[in-house]
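Undergrad: Input structure: work37.txt, which contains compact mmCIF, C-alpha atoms and all ligand atoms.
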```
# COMPACT_ATOMS: atom_id res chain seq x y z
CA MET A 1 17.31 7.07 0.42
CA PRO A 2 20.08 9.60 -0.38
CA ASN A 3 23.13 9.55 1.92
CA PHE A 4 23.36 12.11 4.67
CA ALA A 5 26.51 14.24 4.98
CA SER A 6 29.28 12.67 7.03
CA ARG A 7 29.04 15.55 9.52
CA MET A 8 25.73 14.04 10.61
CA ASP A 9 27.37 10.70 11.47
CA GLY A 10 26.70 9.71 15.04
CA ILE A 11 24.51 12.76 15.64
CA SER A 12 21.07 11.62 16.59
CA GLY A 13 20.11 13.87 19.46
CA SER A 14 17.91 10.91 20.26
CA VAL A 15 19.08 10.15 23.79
CA ILE A 16 17.82 13.40 25.21
CA ARG A 17 14.75 13.32 22.99
CA GLU A 18 13.99 9.87 24.39
CA LEU A 19 14.47 11.24 27.90
CA PHE A 20 12.02 14.01 27.20
CA LYS A 21 9.51 11.42 26.01
CA LEU A 22 9.80 9.75 29.39
CA MET A 23 9.10 13.11 31.00
CA ALA A 24 6.09 13.94 28.84
CA ASP A 25 3.68 12.50 31.44
CA LYS A 26 1.90 15.50 32.97
CA GLU A 27 2.00 13.95 36.44
CA ILE A 28 5.78 13.90 36.47
CA ILE A 29 7.66 16.35 38.67
CA SER A 30 10.47 17.35 36.36
CA PHE A 31 13.96 18.40 37.42
CA GLY A 32 14.97 17.50 33.88
CA GLY A 33 14.34 20.65 31.84
CA GLY A 34 16.32 23.85 31.73
CA ASN A 35 13.64 26.36 30.92
CA PRO A 36 13.12 29.63 32.79
CA ALA A 37 10.06 29.54 35.05
CA ALA A 38 6.86 30.16 33.10
CA GLU A 39 5.82 32.66 35.80
CA SER A 40 8.89 34.78 35.04
CA PHE A 41 7.83 36.08 31.63
CA PRO A 42 6.88 39.79 31.48
CA ILE A 43 3.97 39.14 29.15
CA SER A 44 1.93 42.32 29.55
CA THR A 45 5.01 44.55 29.29
CA ILE A 46 6.07 42.81 26.09
CA GLU A 47 2.56 43.14 24.72
CA GLU A 48 2.61 46.89 25.35
CA ILE A 49 6.14 47.33 23.96
CA THR A 50 5.26 45.36 20.83
CA SER A 51 2.23 47.54 20.06
CA GLU A 52 4.29 50.67 20.52
CA ILE A 53 7.08 49.40 18.25
CA LEU A 54 4.69 48.43 15.48
CA ARG A 55 2.80 51.71 15.81
CA GLU A 56 5.90 53.90 15.75
CA LYS A 57 8.32 51.99 13.48
CA GLY A 58 6.27 49.21 11.93
CA THR A 59 7.51 49.69 8.36
CA ALA A 60 11.19 49.51 9.27
CA ILE A 61 10.68 46.62 11.69
CA LEU A 62 8.75 44.52 9.18
CA GLN A 63 11.36 45.14 6.46
CA TYR A 64 14.67 43.22 6.14
CA GLY A 65 17.29 44.42 8.59
CA THR A 66 21.09 44.33 8.73
CA THR A 67 23.04 41.17 9.51
CA GLU A 68 25.03 42.91 12.29
CA GLY A 69 21.76 43.50 14.09
CA TYR A 70 19.30 46.23 15.02
CA MET A 71 21.53 49.23 15.70
CA PRO A 72 19.57 50.59 18.71
CA LEU A 73 19.92 47.18 20.41
CA ARG A 74 23.64 46.96 19.71
CA GLU A 75 23.93 50.37 21.44
CA SER A 76 21.61 49.57 24.31
CA TYR A 77 23.40 46.24 24.91
CA ILE A 78 26.63 48.20 25.39
CA GLU A 79 25.04 50.74 27.74
CA HIS A 80 22.80 48.43 29.80
CA ILE A 81 24.62 45.08 29.77
CA ALA A 82 28.31 45.43 28.87
CA GLN A 83 29.18 48.71 30.65
CA PRO A 84 27.63 47.77 34.01
CA LYS A 85 29.79 44.63 33.87
CA GLY A 86 32.92 46.77 33.45
CA ILE A 87 33.33 46.26 29.69
CA ASN A 88 33.75 49.28 27.46
CA ALA A 89 32.84 48.23 23.95
CA LYS A 90 32.29 49.99 20.63
CA VAL A 91 29.37 49.16 18.43
CA GLU A 92 31.69 47.53 15.81
CA GLU A 93 32.49 44.95 18.48
CA VAL A 94 28.89 43.80 18.87
CA ILE A 95 26.48 41.79 16.75
CA THR A 96 23.13 40.42 17.74
CA THR A 97 22.38 36.75 17.20
CA THR A 98 19.46 34.37 17.20
CA GLY A 99 20.17 33.30 20.78
CA SER A 100 23.59 32.33 22.13
CA THR A 101 23.13 29.10 20.24
CA GLN A 102 23.90 31.01 17.08
CA GLY A 103 26.88 32.77 18.67
CA ILE A 104 28.36 29.35 19.48
CA ASP A 105 27.66 28.12 15.97
CA LEU A 106 29.21 31.20 14.32
CA ALA A 107 32.36 31.03 16.46
CA LEU A 108 32.85 27.37 15.57
CA LYS A 109 32.14 28.08 11.92
CA VAL A 110 34.68 30.88 11.55
CA PHE A 111 37.49 29.44 13.69
CA THR A 112 37.51 25.68 13.18
CA ASN A 113 38.20 23.15 10.45
CA PRO A 114 37.13 19.50 10.60
CA GLY A 115 39.51 17.54 12.81
CA ASP A 116 40.60 20.55 14.89
CA VAL A 117 40.86 20.20 18.64
CA VAL A 118 38.63 22.30 20.87
CA LEU A 119 38.77 22.28 24.66
CA VAL A 120 35.68 22.14 26.82
CA GLU A 121 34.96 22.12 30.52
CA SER A 122 34.07 18.64 31.68
CA PRO A 123 31.06 18.47 32.00
CA THR A 124 29.73 21.13 29.63
CA PHE A 125 26.59 22.32 27.80
CA LEU A 126 25.15 19.57 25.65
CA GLY A 127 24.09 21.90 22.83
CA THR A 128 27.68 23.02 22.32
CA LEU A 129 28.99 19.45 22.32
CA GLN A 130 26.44 18.66 19.63
CA ALA A 131 27.50 21.68 17.53
CA MET A 132 31.16 20.69 17.91
CA ARG A 133 30.38 17.16 16.71
CA MET A 134 28.53 18.63 13.74
CA TYR A 135 31.65 20.60 12.81
CA GLN A 136 33.63 17.34 13.10
CA LEU A 137 35.85 18.67 15.87
CA LYS A 138 37.80 16.69 18.42
CA CYS A 139 36.49 17.80 21.84
CA VAL A 140 39.05 17.42 24.60
CA PRO A 141 37.72 17.69 28.16
CA VAL A 142 39.42 19.90 30.74
CA GLU A 143 39.10 18.86 34.37
CA MET A 144 36.96 20.80 36.82
CA ASP A 145 37.18 21.03 40.61
CA GLN A 146 34.82 22.58 43.17
CA GLU A 147 35.26 26.07 41.74
CA GLY A 148 35.20 25.20 38.08
CA VAL A 149 37.79 24.59 35.40
CA ASN A 150 41.25 23.60 36.58
CA ILE A 151 43.73 26.12 35.16
CA ASP A 152 46.78 23.82 35.34
CA ASP A 153 44.95 21.15 33.37
CA LEU A 154 43.76 23.79 30.91
CA GLU A 155 47.31 24.98 30.26
CA GLU A 156 48.58 21.44 29.97
CA LYS A 157 45.90 20.56 27.41
CA ILE A 158 46.60 23.76 25.47
CA LYS A 159 50.29 22.78 25.24
CA GLN A 160 49.49 19.18 24.40
CA TYR A 161 46.76 19.67 21.80
CA ASN A 162 47.32 23.14 20.33
CA PRO A 163 43.54 23.72 20.28
CA LYS A 164 41.75 26.36 18.22
CA LEU A 165 39.43 27.35 20.99
CA PHE A 166 38.45 26.88 24.62
CA TYR A 167 34.70 26.98 25.33
CA CYS A 168 33.60 27.80 28.86
CA ILE A 169 30.55 28.82 30.88
CA PRO A 170 32.15 30.61 33.83
CA THR A 171 29.01 31.68 35.71
CA PHE A 172 26.44 29.25 37.16
CA GLN A 173 27.63 26.71 34.65
CA ASN A 174 25.21 24.45 32.83
CA PRO A 175 25.21 21.68 34.02
CA SER A 176 27.26 22.01 37.23
CA GLY A 177 26.05 25.35 38.64
CA LYS A 178 29.70 26.24 39.40
CA THR A 179 31.07 29.78 39.17
CA LEU A 180 34.69 30.51 38.40
CA GLY A 181 36.46 32.98 40.70
CA VAL A 182 38.12 36.22 39.57
CA GLU A 183 41.68 34.90 39.66
CA ARG A 184 40.96 31.98 37.36
CA ARG A 185 39.10 34.28 34.99
CA LYS A 186 42.18 36.50 34.78
CA GLN A 187 44.33 33.43 34.18
CA ILE A 188 42.11 32.25 31.33
CA ALA A 189 42.32 35.66 29.65
CA LYS A 190 46.10 35.47 30.04
CA LEU A 191 46.26 31.95 28.56
CA ALA A 192 44.26 33.17 25.55
CA GLU A 193 46.97 35.79 25.04
CA THR A 194 50.01 33.61 25.76
CA TYR A 195 48.97 30.76 23.48
CA ASP A 196 46.98 32.84 21.00
CA ILE A 197 43.82 30.77 21.23
CA VAL A 198 40.20 31.87 21.17
CA VAL A 199 38.27 31.74 24.44
CA LEU A 200 34.53 31.44 23.86
CA GLU A 201 32.92 32.74 27.05
CA ASP A 202 29.26 31.73 27.15
CA ASP A 203 27.51 33.70 29.89
CA PRO A 204 23.71 33.33 29.63
CA TYR A 205 23.07 32.88 33.37
CA CYS A 206 25.03 35.81 34.86
CA ASP A 207 21.92 37.90 35.67
CA LEU A 208 20.25 35.07 37.60
CA ARG A 209 22.19 35.63 40.84
CA TYR A 210 20.35 34.91 44.10
CA SER A 211 23.18 35.44 46.60
CA GLY A 212 26.83 36.47 46.73
CA GLU A 213 28.57 39.10 44.63
CA PRO A 214 28.78 39.36 40.82
CA VAL A 215 32.10 38.26 39.29
CA PRO A 216 33.60 40.17 36.34
CA SER A 217 33.53 38.38 33.00
CA ILE A 218 36.67 36.88 31.45
CA LYS A 219 36.19 39.39 28.64
CA SER A 220 36.74 42.25 31.09
CA PHE A 221 40.34 40.99 31.55
CA ASP A 222 40.94 40.42 27.84
CA LYS A 223 44.03 42.29 26.60
CA SER A 224 44.71 40.22 23.47
CA GLY A 225 41.24 40.52 21.95
CA ASN A 226 41.05 36.73 21.79
CA VAL A 227 38.05 36.42 24.13
CA ILE A 228 34.56 36.28 22.63
CA LEU A 229 31.72 37.02 25.06
CA LEU A 230 28.26 35.62 24.39
CA ASN A 231 25.29 37.06 26.27
CA SER A 232 21.69 36.06 25.86
CA PHE A 233 18.28 37.47 26.71
CA SER A 234 16.87 33.94 27.01
CA LYS A 235 17.22 33.55 30.76
CA ASN A 236 16.72 37.13 31.93
CA ILE A 237 13.74 38.02 29.68
CA SER A 238 12.50 35.17 27.45
CA PRO A 239 14.06 32.38 25.38
CA GLY A 240 11.23 32.49 22.85
CA LEU A 241 12.40 35.92 21.67
CA ARG A 242 15.64 34.27 20.43
CA VAL A 243 17.94 37.24 21.00
CA GLY A 244 21.57 37.03 22.03
CA THR A 245 24.76 39.04 21.48
CA VAL A 246 28.38 38.47 20.55
CA LEU A 247 31.03 40.87 21.84
CA ALA A 248 34.47 40.49 20.25
CA GLN A 249 37.18 42.42 18.43
CA PRO A 250 36.00 43.93 15.08
CA ALA A 251 37.99 41.46 12.94
CA PHE A 252 36.14 38.54 14.59
CA ILE A 253 32.81 40.34 14.30
CA LYS A 254 33.31 40.92 10.57
CA LYS A 255 33.90 37.23 9.89
CA MET A 256 31.01 36.16 12.09
CA THR A 257 28.74 38.61 10.28
CA VAL A 258 29.63 37.03 6.93
CA ALA A 259 28.95 33.59 8.42
CA LYS A 260 25.60 34.78 9.80
CA GLN A 261 24.51 36.13 6.40
CA SER A 262 24.23 32.64 4.98
CA SER A 263 22.68 31.33 8.15
CA ASP A 264 19.62 33.54 8.76
CA THR A 265 20.33 36.94 7.09
CA HIS A 266 19.57 38.59 10.41
CA THR A 267 17.86 38.01 13.74
CA SER A 268 14.19 39.04 13.90
CA ASN A 269 13.87 42.85 13.92
CA LEU A 270 10.74 42.66 16.03
CA THR A 271 12.25 40.68 18.89
CA GLN A 272 15.45 42.72 18.79
CA ALA A 273 13.38 45.91 19.04
CA ILE A 274 11.40 44.43 21.96
CA VAL A 275 14.60 43.68 23.86
CA ASP A 276 15.99 47.12 23.00
CA SER A 277 12.91 48.86 24.32
CA PHE A 278 12.95 46.70 27.48
CA LEU A 279 16.54 47.80 28.13
CA ARG A 280 16.04 51.49 27.23
CA ARG A 281 13.01 51.79 29.48
CA GLY A 282 15.29 50.57 32.26
CA LEU A 283 13.05 47.59 32.96
CA LEU A 284 15.65 44.83 33.26
CA PRO A 285 16.87 45.51 36.84
CA GLY A 286 13.30 45.69 38.18
CA HIS A 287 12.28 42.61 36.24
CA LEU A 288 15.22 40.65 37.66
CA LYS A 289 14.33 41.84 41.15
CA SER A 290 10.82 40.56 40.65
CA ILE A 291 11.79 37.08 39.42
CA ILE A 292 14.82 36.35 41.59
CA PRO A 293 12.88 35.62 44.81
CA LEU A 294 10.94 32.88 43.01
CA TYR A 295 14.12 31.21 41.77
CA ALA A 296 15.93 31.71 45.07
CA GLN A 297 13.10 30.02 46.93
CA ARG A 298 13.14 27.05 44.56
CA LEU A 299 16.91 26.70 44.75
CA GLU A 300 16.73 26.78 48.55
CA ALA A 301 14.02 24.09 48.50
CA MET A 302 16.19 21.96 46.24
CA LEU A 303 19.32 22.30 48.38
CA SER A 304 17.48 21.53 51.59
CA GLY A 305 15.64 18.63 49.93
CA LEU A 306 18.91 17.11 48.73
CA ASP A 307 20.38 17.56 52.22
CA LYS A 308 17.40 15.91 53.82
CA HIS A 309 16.44 13.10 51.46
CA PHE A 310 19.58 11.96 49.65
CA PRO A 311 21.85 9.27 51.07
CA LYS A 312 25.23 9.66 52.72
CA GLY A 313 28.02 9.87 50.17
CA PHE A 314 25.89 11.82 47.69
CA THR A 315 27.44 15.25 47.12
CA PHE A 316 26.05 18.26 45.27
CA THR A 317 26.91 21.81 44.28
CA ARG A 318 25.47 24.85 46.08
CA PRO A 319 25.15 27.44 43.31
CA GLU A 320 24.51 31.12 44.04
CA GLY A 321 22.39 31.43 40.91
CA GLY A 322 21.48 29.97 37.54
CA LEU A 323 19.09 27.09 37.01
CA PHE A 324 20.98 23.91 37.91
CA VAL A 325 22.34 21.83 40.78
CA TRP A 326 24.78 19.01 40.02
CA GLY A 327 24.90 15.82 42.05
CA GLU A 328 27.53 13.08 42.33
CA LEU A 329 27.07 9.59 43.72
CA PRO A 330 29.97 7.78 45.39
CA VAL A 331 29.72 4.99 42.79
CA ASN A 332 28.85 4.63 39.11
CA ILE A 333 25.38 3.27 38.41
CA ASP A 334 23.19 2.73 35.36
CA MET A 335 21.81 6.26 35.47
CA PRO A 336 19.46 6.03 32.45
CA LYS A 337 17.89 3.00 34.14
CA LEU A 338 17.48 4.99 37.36
CA LEU A 339 15.77 7.70 35.34
CA GLU A 340 13.40 5.15 33.85
CA ARG A 341 12.52 3.83 37.31
CA ALA A 342 12.18 7.36 38.66
CA THR A 343 9.76 8.44 35.95
CA LYS A 344 7.71 5.24 36.11
CA GLU A 345 7.67 4.44 39.82
CA ALA A 346 8.14 7.81 41.48
CA LYS A 347 6.94 10.16 38.73
CA VAL A 348 10.08 12.26 39.06
CA ALA A 349 12.60 13.15 36.33
CA PHE A 350 16.20 14.42 36.22
CA ILE A 351 18.94 14.26 33.57
CA PRO A 352 21.68 11.64 33.83
CA GLY A 353 24.90 13.69 33.99
CA GLN A 354 26.86 11.51 31.57
CA TYR A 355 25.31 13.25 28.57
CA PHE A 356 27.15 16.45 29.47
CA PHE A 357 30.51 14.75 28.98
CA VAL A 358 32.54 14.32 25.81
CA ASP A 359 32.11 10.54 26.03
CA PRO A 360 28.85 9.63 27.80
CA GLN A 361 29.65 5.92 27.55
CA THR A 362 32.67 6.17 29.82
CA MET A 363 32.34 9.45 31.75
CA GLY A 364 30.03 10.89 34.39
CA GLN A 365 28.18 7.65 35.15
CA ASN A 366 27.76 8.75 38.77
CA THR A 367 26.37 12.21 38.02
CA MET A 368 22.93 13.82 37.80
CA ARG A 369 21.68 17.28 36.83
CA PHE A 370 18.74 18.84 38.64
CA ASN A 371 16.84 21.87 37.35
CA PHE A 372 14.90 23.75 40.00
CA SER A 373 13.15 26.47 37.98
CA GLY A 374 10.25 24.46 36.62
CA ALA A 375 8.77 22.96 39.80
CA THR A 376 7.03 24.56 42.78
CA VAL A 377 8.58 24.37 46.27
CA GLU A 378 6.06 21.67 47.24
CA GLN A 379 6.82 19.65 44.11
CA ILE A 380 10.55 19.96 44.76
CA GLN A 381 10.11 18.62 48.32
CA THR A 382 7.89 15.73 47.24
CA GLY A 383 9.99 14.88 44.18
CA LEU A 384 13.30 14.84 46.05
CA GLU A 385 11.93 12.67 48.82
CA LYS A 386 10.90 10.02 46.28
CA LEU A 387 14.03 10.34 44.17
CA GLY A 388 16.31 10.24 47.23
CA ALA A 389 14.82 6.87 48.22
CA LEU A 390 15.51 5.46 44.75
CA VAL A 391 19.07 6.78 44.75
CA ALA A 392 19.67 5.20 48.18
CA GLN A 393 18.46 1.85 46.82
CA ALA A 394 20.60 2.19 43.71
CA ILE A 395 23.87 2.70 45.58
CA ASN A 396 23.32 0.05 48.23
C1 LIG A 401 25.34 27.36 28.55
C2 LIG A 401 24.29 27.65 27.54
N1 LIG A 401 24.62 28.29 26.41
C3 LIG A 401 23.70 28.59 25.49
C4 LIG A 401 22.39 28.24 25.65
C5 LIG A 401 21.41 28.59 24.56
O1 LIG A 401 20.84 29.79 24.84
P1 LIG A 401 20.00 30.65 23.79
O2 LIG A 401 18.57 30.47 24.14
O3 LIG A 401 20.48 32.04 24.01
O4 LIG A 401 20.31 30.16 22.42
C6 LIG A 401 21.98 27.58 26.80
C7 LIG A 401 20.59 27.18 26.97
O5 LIG A 401 20.19 26.44 27.81
C8 LIG A 401 22.96 27.26 27.77
O6 LIG A 401 22.66 26.62 28.89
```
Written as structure tokens, how would this file's structure read?
Ligand SMILES: Cc1ncc(COP(=O)(O)O)c(C=O)c1O

TA:
Amino acid sequence: MPNFASRMDGISGSVIRELFKLMADKEIISFGGGNPAAESFPISTIEEITSEILREKGTAILQYGTTEGYMPLRESYIEHIAQPKGINAKVEEVITTTGSTQGIDLALKVFTNPGDVVLVESPTFLGTLQAMRMYQLKCVPVEMDQEGVNIDDLEEKIKQYNPKLFYCIPTFQNPSGKTLGVERRKQIAKLAETYDIVVLEDDPYCDLRYSGEPVPSIKSFDKSGNVILLNSFSKNISPGLRVGTVLAQPAFIKKMTVAKQSSDTHTSNLTQAIVDSFLRRGLLPGHLKSIIPLYAQRLEAMLSGLDKHFPKGFTFTRPEGGLFVWGELPVNIDMPKLLERATKEAKVAFIPGQYFFVDPQTMGQNTMRFNFSGATVEQIQTGLEKLGALVAQAIN
């Protein structure tokens, strides 16, 4: 057996894969996934758009495209996504990517060397932690409070570790559901400038808002050009299309384009053109309006179920959007074992929160992530009643 590269050391991905095996049972009510609701996909619209694209520009679409992305989509992203969020961008500042996953990968590829320090919110998105491990980076966690990342701790860690980059998910964070307020966003943009570090702002959930007011992105306060904004069409249209965007200063975009060339040449022309047409026809606002009530209802069911069925001392976030609620027990427990009991005895699944921390062996042993988009209101009520009883047993 040939040796694998050292960058693969300790990267198995197996824990979560094992968890998903536990959840494979069809009878299980799952709060474990993170997928958009199946009912949310605009299938017939996409069918119609696809036929039109192939009829009108089939030859160009089925040919190789440019690495920077399908030009009409780069333009429509600026007009329909960036500008309404208060960001004036030029087309040289935008590339399309194969989901935000690729934007994260490209940013790490062009800015980091093995052994570099990167800062992350604690907890943070598992996929990014995995990518950072693959690039052999030292991930240093930054504390979070009720609102999100703690700015004093962030500045302290910047001074202490001289990191290359700070990765954050400021809106409806995965996994915590927390949203950072305007002031802290301004402060992060300022820190990027003061200490000349890259801020990688990953914002795939911003359109899934069910209550409250939208908050401007960190990028909208960026004076230094050190903030990279990642948007994605995975949560507001469909993740299977695999279309995301990077918005950053042209020098960053040029390097990321070179890095993307050797990665996938370019993102699929067909799916980029589908997203472009969806935006140009002005369909996104109406589509969001049509799916938000479903998500809002499920979130409400989850919050009231946690209130009703979970024991005293259990606390949880009350997000205004996104796909996740984050729970904390008053004591550490063997959370993977609780998951095993929950799936076997109660037929309910969740994700132990520890996997969203830099060191799952020592951090987050009292935390759980709940996804509310994949279960019906009735399933959420039933599932939480059963899970709440198991949690009560586990902490007593
Ligand atoms: C915070 C965060 N970033 C990125 C991604 C990946 O998104 P995409 O489908 O655009 O690659 C996800 C998916 O769950 C996510 O939660």

Undergrad: 7 Å from ligand LIG 401 (chain A) is the threshold here; counting all atoms listed in the file, which polymer residues fall inside it? Answer as a list of chain:residue names.

TA: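 These are the residues that qualify: A:Gly34, A:Thr98, A:Gly99, A:Ser100, A:Thr101, A:Gln102, A:Phe125, A:Ile169, A:Gln173, A:Asn174, A:Asp202, A:Asp203, A:Pro204, A:Ser232, A:Phe233, A:Ser234, A:Pro239, A:Arg242, A:Val243, A:Gly244.
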
Undergrad: Please identify all polymer residues within 12 Å of Lys57 of chain A, counting all atoms listed in the file, omitting same-chain residues fewer than 4 positions from it, and present them as a PyMOL selection string.

TA: chain A and resi 49-53+61-63+269-270+273-274

Undergrad: Restrict the selected residues to C-alpha atoms and save them as a short mmCIF file (atom, residue, chain, number, x, y, z; two decimals), keeping the file's coordinate frame.

TA:
```cif
data_model
loop_
_atom_site.label_atom_id
_atom_site.label_comp_id
_atom_site.auth_asym_id
_atom_site.auth_seq_id
_atom_site.Cartn_x
_atom_site.Cartn_y
_atom_site.Cartn_z
CA ILE A 49 6.14 47.33 23.96
CA THR A 50 5.26 45.36 20.83
CA SER A 51 2.23 47.54 20.06
CA GLU A 52 4.29 50.67 20.52
CA ILE A 53 7.08 49.40 18.25
CA ILE A 61 10.68 46.62 11.69
CA LEU A 62 8.75 44.52 9.18
CA GLN A 63 11.36 45.14 6.46
CA ASN A 269 13.87 42.85 13.92
CA LEU A 270 10.74 42.66 16.03
CA ALA A 273 13.38 45.91 19.04
CA ILE A 274 11.40 44.43 21.96
#
```

Undergrad: Taking only C-alpha atoms into account, which of A:Glu328, A:Glu27, A:Glu68, A:Asp9 comes nearest Thr267 of chain A?

TA: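 Distance minimum relative to Thr267 of chain A lands on A:Glu68.
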
Undergrad: How far is it from atom CA of Val325 of chain A to atom CA of Pro175 of chain A, in Å with one decimal?

TA: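 About the pair atom CA of Val325 of chain A and atom CA of Pro175 of chain A: they are 7.3 Å apart.
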
Undergrad: Using all atoms listed in the file, what table do you get, as a tab-separated table, when you list each residue of segment 139-187 of chain A with an atom no more than 7 Å from segment 116-124 of chain A, its nearest pair of atoms, and their distance in Å rounded to one decimal, rows by chain then rising number?

TA:
```
residue	atom	partner	partner_atom	distance
A:Cys139	CA	A:Val118	CA	5.1
A:Val140	CA	A:Leu119	CA	4.9
A:Pro141	CA	A:Val120	CA	5.1
A:Val142	CA	A:Glu121	CA	5.0
A:Glu143	CA	A:Ser122	CA	5.7
A:Met144	CA	A:Ser122	CA	6.3
A:Val149	CA	A:Glu121	CA	6.2
A:Tyr161	CA	A:Val117	CA	6.7
A:Pro163	CA	A:Val117	CA	4.7
A:Lys164	CA	A:Val118	CA	5.8
A:Leu165	CA	A:Val118	CA	5.1
A:Phe166	CA	A:Leu119	CA	4.6
A:Tyr167	CA	A:Val120	CA	5.2
A:Cys168	CA	A:Glu121	CA	6.1
A:Asn174	CA	A:Thr124	CA	6.5
A:Pro175	CA	A:Thr124	CA	6.3
```

Undergrad: What is the distance, in Å and to one decimal place, between atom CA of Val331 of chain A and atom CA of Ala389 of chain A?

TA: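 Here the two named atoms are 16.0 Å from each other.
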
Undergrad: Record the distance separating atom CA of Ala349 of chain A and atom CA of Arg209 of chain A, expressed in Å with one decimal.

TA: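 Rounded to one decimal, the two atoms are 24.9 Å apart.
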
Undergrad: Which of these, A:Ile104, A:Glu156, A:Ala5, A:Pro319, has the shortest distance to Leu129 of chain A once you count all atoms listed in the file?

TA: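 For Leu129 of chain A, the nearest of the given residues is A:Ile104.
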
Undergrad: I'd like to know which of A:Leu294, A:Ile11, A:Leu283, A:Ala107 is closest to Arg133 of chain A, using all atoms listed in the file.

TA: A:Ile11

Undergrad: With only C-alpha atoms as the counted atoms, please give the residues lying no more than 7 Å from Thr376 of chain A, apart from itself and same-chain residues fewer than 3 positions off, as a list in words.

TA: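 In the requested format, the answer is Arg298, Gln379 and Ile380 of chain A.
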
Undergrad: Listing only residues of segment 283-348 of chain A within 10 Å of segment 211-222 of chain A, what is the closest atom pair and its distance in Å (to one decimal) for each, using only C-alpha atoms, sorted by chain and residue number ascending, as CSV?

TA:
```
residue,atom,partner,partner_atom,distance
A:Ile292,CA,A:Ser211,CA,9.8
A:Ala296,CA,A:Ser211,CA,8.3
A:Pro319,CA,A:Ser211,CA,8.9
A:Glu320,CA,A:Ser211,CA,5.2
A:Gly321,CA,A:Ser211,CA,7.0
```

Undergrad: Would you mind listing, for every residue of segment 270-311 of chain A within 9 Å of segment 79-95 of chain A, the two atoms forming the shortest contact and the distance between them in Å to one decimal, using all atoms listed in the file, sorted by chain and ascending residue number, as a tab-separated table?

TA:
```
residue	atom	partner	partner_atom	distance
A:Leu279	CA	A:His80	CA	6.5
A:Arg280	CA	A:His80	CA	7.9
A:Gly282	CA	A:His80	CA	8.2
A:Leu284	CA	A:His80	CA	8.7
```

Undergrad: Out of A:Val275, A:Ile158, A:Val182, A:Asn226, which residue has the shortest atom-to-atom distance to Ser76 of chain A when counting all atoms listed in the file?

TA: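 Checking each of A:Val275, A:Ile158, A:Val182, A:Asn226 against Ser76 of chain A, counting all atoms listed in the file, the winner is A:Val275.
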
Undergrad: Once you count all atoms listed in the file, which residues end up no further than 7 Å from (29.5, 18.7, 10.9) in the file's frame, shown as a PDB file with C-alpha atoms, in the frame of the given file?

TA:
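Result went into point-v7.pdb, see below:
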```pdb
ATOM      1  CA  ARG A   7      29.040  15.550   9.520  1.00  0.00           C
ATOM      2  CA  MET A   8      25.730  14.040  10.610  1.00  0.00           C
ATOM      3  CA  ARG A 133      30.380  17.160  16.710  1.00  0.00           C
ATOM      4  CA  MET A 134      28.530  18.630  13.740  1.00  0.00           C
ATOM      5  CA  TYR A 135      31.650  20.600  12.810  1.00  0.00           C
ATOM      6  CA  GLN A 136      33.630  17.340  13.100  1.00  0.00           C
TER       7      GLN A 136
END
```

Undergrad: Report as JSON the centre and the edge lengths, in Å to one decimal, of the axis-aligned box holding every listed atom of segment 370-378 of chain A, padded by 6 Å on each side.

TA:
```
{"center_x": 12.4, "center_y": 22.7, "center_z": 41.9, "size_x": 24.7, "size_y": 19.6, "size_z": 22.6}
```

Undergrad: Which of these residues is nearest to Thr317 of chain A, using all atoms listed in the file: A:Met368, A:Ala342, A:Leu288, A:Ile351?

TA: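 Using all atoms listed in the file, the shortest distance to Thr317 of chain A belongs to A:Met368.
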
Undergrad: Show me as a PyMOL selection string the residues that reach within 9 Å of (47.0, 27.0, 28.7), counting only C-alpha atoms and using the file's own coordinates.

TA: chain A and resi 151-159+187-188+190-192+194-195+197

Undergrad: Using C-alpha atoms, can you write the selected residues to a file as a PDB file, in the frame of the given file?

TA:
```pdb
ATOM      1  CA  ILE A 151      43.730  26.120  35.160  1.00  0.00           C
ATOM      2  CA  ASP A 152      46.780  23.820  35.340  1.00  0.00           C
ATOM      3  CA  ASP A 153      44.950  21.150  33.370  1.00  0.00           C
ATOM      4  CA  LEU A 154      43.760  23.790  30.910  1.00  0.00           C
ATOM      5  CA  GLU A 155      47.310  24.980  30.260  1.00  0.00           C
ATOM      6  CA  GLU A 156      48.580  21.440  29.970  1.00  0.00           C
ATOM      7  CA  LYS A 157      45.900  20.560  27.410  1.00  0.00           C
ATOM      8  CA  ILE A 158      46.600  23.760  25.470  1.00  0.00           C
ATOM      9  CA  LYS A 159      50.290  22.780  25.240  1.00  0.00           C
ATOM     10  CA  GLN A 187      44.330  33.430  34.180  1.00  0.00           C
ATOM     11  CA  ILE A 188      42.110  32.250  31.330  1.00  0.00           C
ATOM     12  CA  LYS A 190      46.100  35.470  30.040  1.00  0.00           C
ATOM     13  CA  LEU A 191      46.260  31.950  28.560  1.00  0.00           C
ATOM     14  CA  ALA A 192      44.260  33.170  25.550  1.00  0.00           C
ATOM     15  CA  THR A 194      50.010  33.610  25.760  1.00  0.00           C
ATOM     16  CA  TYR A 195      48.970  30.760  23.480  1.00  0.00           C
ATOM     17  CA  ILE A 197      43.820  30.770  21.230  1.00  0.00           C
TER      18      ILE A 197
END
```

Undergrad: Tell me which of A:Glu345, A:Asp359, A:Asp207, A:Glu201 sits closest to Ile291 of chain A, counting all atoms listed in the file.

TA: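 Between A:Glu345, A:Asp359, A:Asp207, A:Glu201, the residue approaching Ile291 of chain A most closely is A:Asp207.
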
Undergrad: Leaving out Pro42 of chain A and any residue of its chain fewer than 3 positions from it, which residues lie within 9 Å of it when counting all atoms listed in the file, given as a PyMOL selection string?

TA: chain A and resi 39+45-47+237-238+287
